[in-house]
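J.: This is the structure I want to talk about, given as structure tokens.
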Amino acid sequence: MARHLLTGEELSSDEVAGIVTRALELKAAPLSSNALEGKSVALMFEKPSTRTRVSFEVGVAELGGHPVVLGADELQISRGESLADTGRVLSGHVAAVGLRTSGDERLAELASESSIPVFNMLTAGHHPCQALADLVTLKETFGTLEGLRLAYVGDGNNVARSLAILGALAGVEVAIASPAGYTLEPVAGAILVEDPVEAVAGANAIYADVWVSMGDEDTAAARRAALAPYKLDDALLDQAAEGAIALHCLPAHPGEEISAEVLYGSRQQIWNQAENRRHAQKAMLELICAG
Ligand code: CP
Ligand code: NVA
């Protein structure tokens with residue numbers, strides 16, 4: 001059976017810890033692994049991407065592999081070929097395939113007929129590669145993941161869900177503050193509250209994501225109104241534990257879900273977090289492509 005990474009729930013706690021440790025080794029020596037030598041990895045995008053696209057393409061190359069970046073509109077998928085058939089065909093050419101798409105069912109369909117590992121590069125429901133990189137940033141900043149508390153403030157979306165799942169596997173306490181109508185379902189033992197100040201109490205990191213995710217544009221005005229009290233600014237950071245950092249998966253809207261002062265200030269690890277995508281994903285690819 002191919003080792004897929006669709007939600008992160010496929011990983012054991014030991015594997016998550018291993019990916020985090022390995023990512024920091026690869027960060028220190030980016031060209032030290034040839035795990036993908038002679039192999040190709042397909043990267044399929046049905047939605048825009050900056051970080052995921054670049055970090056995977058460069059990361060595969062650094063591992064000695066060949067990245068094949070595919071936009072949905074250039075594939076026969078755009079003319080009705082199924083993702084299942086696409087998975088069958090890709091399995092004969094590449095060692096693994098990543099997909100960024102809207103519905104999780106599209107990712108599941110690709111995986112259903114792929115004999116190679118399929119990994120999630122963002123769906124409406126999950127963003128596990130982001131959460132893996134965020135654990136790397138936490139470990140790099142604090143030296144350990146044990147005993148840390150991460151507070152996410154805002155929309156109970158794909159990023160929140162992946163932080164809950166992978167945070168639990170890593171032993172990080174995850175508290176999520178969202179307004180009514182935008183709450184995450186109970187997942188992986190995450191603490192779900194409405195009050196952002198309650199979530200950030202004792203937190204070592206406060207995490208923000210956009211208020212209007214890709215695909216949510218129709219409800220943008222209502223979202224901005226409901227989520228306005230959930231802005232990550234210096235006042236909220238002051239309510240967290242001493243030495244707390246600000247995180248954001250990016251792209252950011254300075255002045256909306258995060259203040260410019262925090263986004264570009266001394267208490268953020270956001271730009272480092274964006275770099276850590278590559279290191280975390282290389283460690284993940286080493287694991288799922290092994291053997
Ligand atoms: N954080 C993230 O996934 O960024 P992109 O949408 O630019 O890939
Ligand atoms: N929640 C955001 C994350 C972007 C990286 C979205 O899905 O658009």
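If you're wondering about the labels, chains in the structure tokens are A, B, ... by order shown, residues count from 1 in each chain, ligands from 1 in order shown.
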Taking only C-alpha atoms and all ligand atoms into account, which residues have an atom no farther than 12 Å from ligand 1? I'd like them as a PyMOL selection string.

T.: chain A and resi 43-57+99-101+120-124+126-134+158-159+208-210+213-214+247-252+270-271+273-278+281

J.: Taking C-alpha atoms for each residue, export the selection above as a PDB file, in the first residue's frame.

T.:
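Below is the file out.pdb, written as the result:
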ATOM      1  CA  LEU A  43       2.671  18.565  -8.217  1.00  0.00           C
ATOM      2  CA  MET A  44      -0.880  19.317  -9.398  1.00  0.00           C
ATOM      3  CA  PHE A  45      -2.502  22.662  -8.677  1.00  0.00           C
ATOM      4  CA  GLU A  46      -6.218  23.354  -9.127  1.00  0.00           C
ATOM      5  CA  LYS A  47      -5.942  26.532  -7.015  1.00  0.00           C
ATOM      6  CA  PRO A  48      -3.346  29.325  -6.813  1.00  0.00           C
ATOM      7  CA  SER A  49      -0.230  28.861  -4.687  1.00  0.00           C
ATOM      8  CA  THR A  50       3.002  30.673  -3.973  1.00  0.00           C
ATOM      9  CA  ARG A  51       4.622  28.930  -0.989  1.00  0.00           C
ATOM     10  CA  THR A  52       3.453  25.382  -1.623  1.00  0.00           C
ATOM     11  CA  ARG A  53       4.360  25.511  -5.287  1.00  0.00           C
ATOM     12  CA  VAL A  54       7.848  26.929  -4.784  1.00  0.00           C
ATOM     13  CA  SER A  55       8.745  24.992  -1.642  1.00  0.00           C
ATOM     14  CA  PHE A  56       7.769  21.650  -3.172  1.00  0.00           C
ATOM     15  CA  GLU A  57       9.393  22.314  -6.539  1.00  0.00           C
ATOM     16  CA  LEU A  99      -2.637  17.790  -5.275  1.00  0.00           C
ATOM     17  CA  ARG A 100      -4.064  21.174  -4.280  1.00  0.00           C
ATOM     18  CA  THR A 101      -7.789  21.172  -4.913  1.00  0.00           C
ATOM     19  CA  ASN A 120      -2.357  16.894   0.207  1.00  0.00           C
ATOM     20  CA  MET A 121      -1.066  20.307  -0.854  1.00  0.00           C
ATOM     21  CA  LEU A 122      -4.279  21.954   0.531  1.00  0.00           C
ATOM     22  CA  THR A 123      -7.925  21.057   0.273  1.00  0.00           C
ATOM     23  CA  ALA A 124     -10.970  22.819   1.684  1.00  0.00           C
ATOM     24  CA  HIS A 126      -7.044  20.057   5.387  1.00  0.00           C
ATOM     25  CA  HIS A 127      -3.566  21.521   4.985  1.00  0.00           C
ATOM     26  CA  PRO A 128      -1.282  18.953   6.634  1.00  0.00           C
ATOM     27  CA  CYS A 129       1.967  20.103   5.007  1.00  0.00           C
ATOM     28  CA  GLN A 130       1.395  23.545   6.491  1.00  0.00           C
ATOM     29  CA  ALA A 131       0.849  22.124   9.975  1.00  0.00           C
ATOM     30  CA  LEU A 132       3.971  19.941   9.732  1.00  0.00           C
ATOM     31  CA  ALA A 133       6.015  23.031   8.877  1.00  0.00           C
ATOM     32  CA  ASP A 134       4.418  24.912  11.759  1.00  0.00           C
ATOM     33  CA  ASN A 158      -8.506  23.726   6.814  1.00  0.00           C
ATOM     34  CA  VAL A 159      -5.469  25.175   8.579  1.00  0.00           C
ATOM     35  CA  ALA A 208      -3.845  33.540  12.355  1.00  0.00           C
ATOM     36  CA  ASP A 209      -5.090  32.588   8.902  1.00  0.00           C
ATOM     37  CA  VAL A 210      -7.069  34.564   6.343  1.00  0.00           C
ATOM     38  CA  SER A 213     -10.196  31.250   2.271  1.00  0.00           C
ATOM     39  CA  MET A 214     -10.028  30.236  -1.372  1.00  0.00           C
ATOM     40  CA  LEU A 247       2.401  32.618  13.308  1.00  0.00           C
ATOM     41  CA  HIS A 248       0.457  32.928  10.030  1.00  0.00           C
ATOM     42  CA  CYS A 249       0.417  30.460   7.145  1.00  0.00           C
ATOM     43  CA  LEU A 250       0.268  33.339   4.606  1.00  0.00           C
ATOM     44  CA  PRO A 251      -0.819  34.974   2.381  1.00  0.00           C
ATOM     45  CA  ALA A 252      -1.654  37.712   4.907  1.00  0.00           C
ATOM     46  CA  ILE A 270       5.983  34.052  10.081  1.00  0.00           C
ATOM     47  CA  TRP A 271       8.597  34.506   7.373  1.00  0.00           C
ATOM     48  CA  GLN A 273       7.571  29.642   8.991  1.00  0.00           C
ATOM     49  CA  ALA A 274       7.186  30.118   5.214  1.00  0.00           C
ATOM     50  CA  GLU A 275      10.763  28.925   4.660  1.00  0.00           C
ATOM     51  CA  ASN A 276      10.191  25.917   6.894  1.00  0.00           C
ATOM     52  CA  ARG A 277       7.583  24.605   4.464  1.00  0.00           C
ATOM     53  CA  ARG A 278      10.390  23.335   2.262  1.00  0.00           C
ATOM     54  CA  GLN A 281       8.000  18.740   3.150  1.00  0.00           C
TER      55      GLN A 281
END

J.: Among segment 58-152 of chain A, which ones does DSSP assign to strand (DSSP E) (computed from the backbone)? Answer as JSON, numbers by chain.

T.: {"A": [66, 67, 68, 69, 70, 71, 96, 97, 98, 99, 100, 118, 119, 120, 149, 150, 151, 152]}

J.: If you keep N, CA and C atoms, can you produce a file of those selected residues as a PDB file, in the first residue's frame?

T.:
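In the end it all went to again-v2.pdb:
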ATOM      1  N   HIS A  66      13.071  15.110  -9.667  1.00  0.00           N
ATOM      2  CA  HIS A  66      12.595  16.013 -10.726  1.00  0.00           C
ATOM      3  C   HIS A  66      11.134  16.376 -10.457  1.00  0.00           C
ATOM      4  N   PRO A  67      10.834  17.638 -10.181  1.00  0.00           N
ATOM      5  CA  PRO A  67       9.448  18.034  -9.959  1.00  0.00           C
ATOM      6  C   PRO A  67       8.729  18.286 -11.284  1.00  0.00           C
ATOM      7  N   VAL A  68       7.513  17.771 -11.400  1.00  0.00           N
ATOM      8  CA  VAL A  68       6.686  17.992 -12.591  1.00  0.00           C
ATOM      9  C   VAL A  68       5.477  18.802 -12.130  1.00  0.00           C
ATOM     10  N   VAL A  69       5.519  20.109 -12.362  1.00  0.00           N
ATOM     11  CA  VAL A  69       4.447  20.980 -11.878  1.00  0.00           C
ATOM     12  C   VAL A  69       3.356  21.066 -12.934  1.00  0.00           C
ATOM     13  N   LEU A  70       2.121  20.787 -12.538  1.00  0.00           N
ATOM     14  CA  LEU A  70       1.001  20.690 -13.467  1.00  0.00           C
ATOM     15  C   LEU A  70      -0.144  21.578 -13.016  1.00  0.00           C
ATOM     16  N   GLY A  71      -0.584  22.459 -13.877  1.00  0.00           N
ATOM     17  CA  GLY A  71      -1.787  23.241 -13.622  1.00  0.00           C
ATOM     18  C   GLY A  71      -2.984  22.488 -14.168  1.00  0.00           C
ATOM     19  N   ALA A  96       5.592   9.970  -6.641  1.00  0.00           N
ATOM     20  CA  ALA A  96       4.571  10.480  -5.720  1.00  0.00           C
ATOM     21  C   ALA A  96       3.850  11.614  -6.421  1.00  0.00           C
ATOM     22  N   VAL A  97       2.663  11.936  -5.928  1.00  0.00           N
ATOM     23  CA  VAL A  97       1.917  13.052  -6.514  1.00  0.00           C
ATOM     24  C   VAL A  97       1.243  13.860  -5.417  1.00  0.00           C
ATOM     25  N   GLY A  98       1.394  15.182  -5.527  1.00  0.00           N
ATOM     26  CA  GLY A  98       0.695  16.106  -4.628  1.00  0.00           C
ATOM     27  C   GLY A  98      -0.423  16.783  -5.374  1.00  0.00           C
ATOM     28  N   LEU A  99      -1.497  17.095  -4.653  1.00  0.00           N
ATOM     29  CA  LEU A  99      -2.637  17.790  -5.275  1.00  0.00           C
ATOM     30  C   LEU A  99      -3.121  18.902  -4.366  1.00  0.00           C
ATOM     31  N   ARG A 100      -3.334  20.081  -4.940  1.00  0.00           N
ATOM     32  CA  ARG A 100      -4.064  21.174  -4.280  1.00  0.00           C
ATOM     33  C   ARG A 100      -5.390  21.307  -5.004  1.00  0.00           C
ATOM     34  N   VAL A 118       0.151   9.685  -2.428  1.00  0.00           N
ATOM     35  CA  VAL A 118      -0.549  10.926  -2.776  1.00  0.00           C
ATOM     36  C   VAL A 118      -0.514  11.823  -1.550  1.00  0.00           C
ATOM     37  N   PHE A 119      -0.119  13.067  -1.735  1.00  0.00           N
ATOM     38  CA  PHE A 119      -0.084  13.980  -0.590  1.00  0.00           C
ATOM     39  C   PHE A 119      -0.905  15.233  -0.863  1.00  0.00           C
ATOM     40  N   ASN A 120      -1.430  15.765   0.242  1.00  0.00           N
ATOM     41  CA  ASN A 120      -2.357  16.894   0.207  1.00  0.00           C
ATOM     42  C   ASN A 120      -1.581  18.205   0.236  1.00  0.00           C
ATOM     43  N   ARG A 149       1.640  25.259  24.105  1.00  0.00           N
ATOM     44  CA  ARG A 149       0.240  25.531  23.779  1.00  0.00           C
ATOM     45  C   ARG A 149       0.205  26.472  22.575  1.00  0.00           C
ATOM     46  N   LEU A 150      -0.562  26.073  21.583  1.00  0.00           N
ATOM     47  CA  LEU A 150      -0.742  26.874  20.365  1.00  0.00           C
ATOM     48  C   LEU A 150      -2.182  27.361  20.334  1.00  0.00           C
ATOM     49  N   ALA A 151      -2.368  28.662  20.202  1.00  0.00           N
ATOM     50  CA  ALA A 151      -3.721  29.219  20.082  1.00  0.00           C
ATOM     51  C   ALA A 151      -3.932  29.687  18.650  1.00  0.00           C
ATOM     52  N   TYR A 152      -4.996  29.202  18.036  1.00  0.00           N
ATOM     53  CA  TYR A 152      -5.386  29.640  16.695  1.00  0.00           C
ATOM     54  C   TYR A 152      -6.618  30.520  16.863  1.00  0.00           C
TER      55      TYR A 152
END

J.: Just the helix (DSSP H, G or I) stuff from segment 84-253 of chain A, please, per backbone DSSP, written as a PyMOL selection string.

T.: chain A and resi 84-90+104-112+128-142+158-170+196-200+217-230+234-237

J.: Considering only C-alpha atoms, state which residue in the set A:Asp155, A:Ala160, A:Val197, A:Arg79 is at the smallest distance from Ser178 of chain A.

T.: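 Residue with the minimum atom-to-atom distance to Ser178 of chain A: A:Asp155.
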
J.: Env of Asp234 of chain A: 12 Å cut, atoms = only C-alpha atoms, seq-sep filter 6 positions within chain, self excluded. Answer as a list in words.

T.: Ile206, Ala240, Ala244, Ile245, Ala246, Ile258, Ser259, Ala260, Glu261, Val262, Leu263, Tyr264, Gly265, Ser266, Arg267 and Gln268 of chain A

J.: Could those selected residues go to a file with N, CA and C atoms, as an mmCIF file, in the first residue's frame?

T.:
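Generated output (again06.cif):
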data_model
loop_
_atom_site.group_PDB
_atom_site.id
_atom_site.type_symbol
_atom_site.label_atom_id
_atom_site.label_comp_id
_atom_site.auth_asym_id
_atom_site.auth_seq_id
_atom_site.Cartn_x
_atom_site.Cartn_y
_atom_site.Cartn_z
ATOM 1 N N ILE A 206 0.540 32.303 18.892
ATOM 2 C CA ILE A 206 -0.805 32.643 18.407
ATOM 3 C C ILE A 206 -0.767 32.610 16.884
ATOM 4 N N ALA A 240 -0.810 36.512 25.821
ATOM 5 C CA ALA A 240 -0.282 35.137 25.741
ATOM 6 C C ALA A 240 0.872 34.973 26.730
ATOM 7 N N ALA A 244 5.818 34.615 23.724
ATOM 8 C CA ALA A 244 4.956 34.010 22.703
ATOM 9 C C ALA A 244 5.260 34.601 21.326
ATOM 10 N N ILE A 245 5.127 33.761 20.315
ATOM 11 C CA ILE A 245 5.385 34.192 18.933
ATOM 12 C C ILE A 245 4.071 34.239 18.147
ATOM 13 N N ALA A 246 4.092 35.021 17.072
ATOM 14 C CA ALA A 246 2.959 35.075 16.139
ATOM 15 C C ALA A 246 3.282 34.213 14.930
ATOM 16 N N ILE A 258 -4.447 40.202 10.749
ATOM 17 C CA ILE A 258 -3.204 40.414 11.512
ATOM 18 C C ILE A 258 -2.765 41.856 11.312
ATOM 19 N N SER A 259 -2.251 42.472 12.373
ATOM 20 C CA SER A 259 -1.784 43.850 12.223
ATOM 21 C C SER A 259 -0.432 43.845 11.519
ATOM 22 N N ALA A 260 -0.144 44.929 10.823
ATOM 23 C CA ALA A 260 1.161 45.063 10.166
ATOM 24 C C ALA A 260 2.272 45.054 11.208
ATOM 25 N N GLU A 261 1.987 45.609 12.392
ATOM 26 C CA GLU A 261 3.006 45.655 13.457
ATOM 27 C C GLU A 261 3.442 44.246 13.842
ATOM 28 N N VAL A 262 2.477 43.338 13.948
ATOM 29 C CA VAL A 262 2.826 41.956 14.304
ATOM 30 C C VAL A 262 3.449 41.234 13.111
ATOM 31 N N LEU A 263 2.869 41.401 11.944
ATOM 32 C CA LEU A 263 3.328 40.673 10.753
ATOM 33 C C LEU A 263 4.787 40.969 10.419
ATOM 34 N N TYR A 264 5.186 42.213 10.629
ATOM 35 C CA TYR A 264 6.564 42.608 10.289
ATOM 36 C C TYR A 264 7.394 42.906 11.539
ATOM 37 N N GLY A 265 6.893 42.519 12.696
ATOM 38 C CA GLY A 265 7.525 42.908 13.957
ATOM 39 C C GLY A 265 8.486 41.865 14.495
ATOM 40 N N SER A 266 8.932 42.094 15.719
ATOM 41 C CA SER A 266 9.992 41.267 16.310
ATOM 42 C C SER A 266 9.463 40.020 16.996
ATOM 43 N N ARG A 267 8.145 39.906 17.155
ATOM 44 C CA ARG A 267 7.615 38.737 17.864
ATOM 45 C C ARG A 267 7.070 37.669 16.915
ATOM 46 N N GLN A 268 7.238 37.886 15.608
ATOM 47 C CA GLN A 268 6.707 36.901 14.654
ATOM 48 C C GLN A 268 7.787 35.928 14.212
#

J.: Atom CA of Phe142 of chain A and atom CA of Glu185 of chain A are how many Å apart?

T.: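 Those two atoms sit 28.9 Å apart.
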
J.: Calculate how many Å separate atom 3 (C, counted along the ligand's line) of ligand 2 from atom CA of Glu217 of chain A, rounding to one decimal.

T.: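 Atom CA of Glu217 of chain A lies at a distance of 12.8 Å from atom 3 (C, counted along the ligand's line) of ligand 2.
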
J.: Tell me which of A:Leu11, A:Ala201, A:Ala221, A:Leu6 sits closest to Leu107 of chain A, counting only C-alpha atoms.

T.: A:Leu6

J.: Would you work out the distance separating atom CA of Gly103 of chain A from atom CA of Leu5 of chain A, expressed in Å to one decimal?

T.: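 Between atom CA of Gly103 of chain A and atom CA of Leu5 of chain A the gap works out to 15.2 Å.
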
J.: Which is closer to ligand 2 than all the others in A:His279, A:Arg161, A:Arg3, A:Arg224, using only C-alpha atoms and all ligand atoms?

T.: A:Arg161

J.: Taking 3 positions as the minimum chain separation for residues in the same chain, which residues sit within 9 Å of Ala226 of chain A when counting only C-alpha atoms? Answer as a PyMOL selection string.

T.: chain A and resi 179-182+221-223+229-230

J.: Nearest to Gly143 of chain A: which of A:Ser40, A:Thr21, A:Ser78, A:Ser12 is it, counting only C-alpha atoms?

T.: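 With only C-alpha atoms as the atom set, the closest residue is A:Thr21.
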
J.: Using only C-alpha atoms for the distances, tell me which of A:Glu10, A:Val20, A:Ala280, A:Gly59 is nearest to Asn34 of chain A.

T.: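 Of the candidates, the smallest distance to Asn34 of chain A is held by A:Gly59.
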
J.: Pick the closest to ligand 2 from A:Gly154, A:Asn272, A:Val172, A:Leu227: which is it, counting only C-alpha atoms and all ligand atoms?

T.: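 With only C-alpha atoms and all ligand atoms as the atom set, the closest residue is A:Gly154.
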
J.: For segment 169-171 of chain A, please output as an NGL selection string all residues within 8 Å (counting only C-alpha atoms; exclusion window: fewer than 5 positions along the same chain).

T.: :A and (12-13 or 16-17 or 135 or 145-148)

J.: Write out the residues from the selection above, keeping N, CA and C atoms, as a PDB file, in the first residue's frame.

T.:
ATOM      1  N   SER A  12       1.885   8.372  12.609  1.00  0.00           N
ATOM      2  CA  SER A  12       1.942   8.102  14.046  1.00  0.00           C
ATOM      3  C   SER A  12       2.623   9.285  14.738  1.00  0.00           C
ATOM      4  N   SER A  13       2.490   9.333  16.050  1.00  0.00           N
ATOM      5  CA  SER A  13       3.181  10.388  16.808  1.00  0.00           C
ATOM      6  C   SER A  13       4.686  10.324  16.579  1.00  0.00           C
ATOM      7  N   VAL A  16       5.532  11.836  13.206  1.00  0.00           N
ATOM      8  CA  VAL A  16       5.464  13.302  13.207  1.00  0.00           C
ATOM      9  C   VAL A  16       6.719  13.866  13.878  1.00  0.00           C
ATOM     10  N   ALA A  17       7.083  13.301  15.023  1.00  0.00           N
ATOM     11  CA  ALA A  17       8.300  13.757  15.708  1.00  0.00           C
ATOM     12  C   ALA A  17       9.520  13.561  14.812  1.00  0.00           C
ATOM     13  N   LEU A 135       4.889  22.916  13.070  1.00  0.00           N
ATOM     14  CA  LEU A 135       5.505  22.197  14.192  1.00  0.00           C
ATOM     15  C   LEU A 135       7.031  22.345  14.143  1.00  0.00           C
ATOM     16  N   LEU A 145       8.678  20.460  21.624  1.00  0.00           N
ATOM     17  CA  LEU A 145       7.236  20.633  21.398  1.00  0.00           C
ATOM     18  C   LEU A 145       6.454  20.290  22.669  1.00  0.00           C
ATOM     19  N   GLU A 146       7.099  19.556  23.514  1.00  0.00           N
ATOM     20  CA  GLU A 146       6.436  19.068  24.728  1.00  0.00           C
ATOM     21  C   GLU A 146       5.980  20.231  25.608  1.00  0.00           C
ATOM     22  N   GLY A 147       4.715  20.196  25.976  1.00  0.00           N
ATOM     23  CA  GLY A 147       4.193  21.200  26.904  1.00  0.00           C
ATOM     24  C   GLY A 147       3.820  22.525  26.267  1.00  0.00           C
ATOM     25  N   LEU A 148       3.974  22.632  24.944  1.00  0.00           N
ATOM     26  CA  LEU A 148       3.627  23.902  24.299  1.00  0.00           C
ATOM     27  C   LEU A 148       2.117  24.012  24.112  1.00  0.00           C
TER      28      LEU A 148
END

J.: Show me, as an MDAnalysis selection string, the residues that have an atom within 9 Å of Thr183 of chain A when counting only C-alpha atoms, minus same-chain residues fewer than 5 positions from it.

T.: chainID A and resid 154:157 176:178 192:194

J.: Excluding same-chain residues fewer than 2 positions from Ser115 of chain A, what lies within 8 Å of it counting only C-alpha atoms, as a ChimeraX atom specification?

T.: /A:1-2,87-88,91,111,113,117

J.: With C-alpha atoms retained, could you export that selection as a PDB file, in the first residue's frame?

T.:
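So out-v7.pdb came out as:
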ATOM      1  CA  MET A   1       0.000   0.000   0.000  1.00  0.00           C
ATOM      2  CA  ALA A   2       1.286   3.453  -0.912  1.00  0.00           C
ATOM      3  CA  GLY A  87      -3.833   8.721 -10.698  1.00  0.00           C
ATOM      4  CA  ARG A  88      -3.492   5.453 -12.606  1.00  0.00           C
ATOM      5  CA  SER A  91       1.527   5.956 -11.053  1.00  0.00           C
ATOM      6  CA  ALA A 111      -5.566   8.419  -4.099  1.00  0.00           C
ATOM      7  CA  GLU A 113      -6.418   4.556  -7.998  1.00  0.00           C
ATOM      8  CA  PRO A 117       1.940   8.050  -2.415  1.00  0.00           C
TER       9      PRO A 117
END
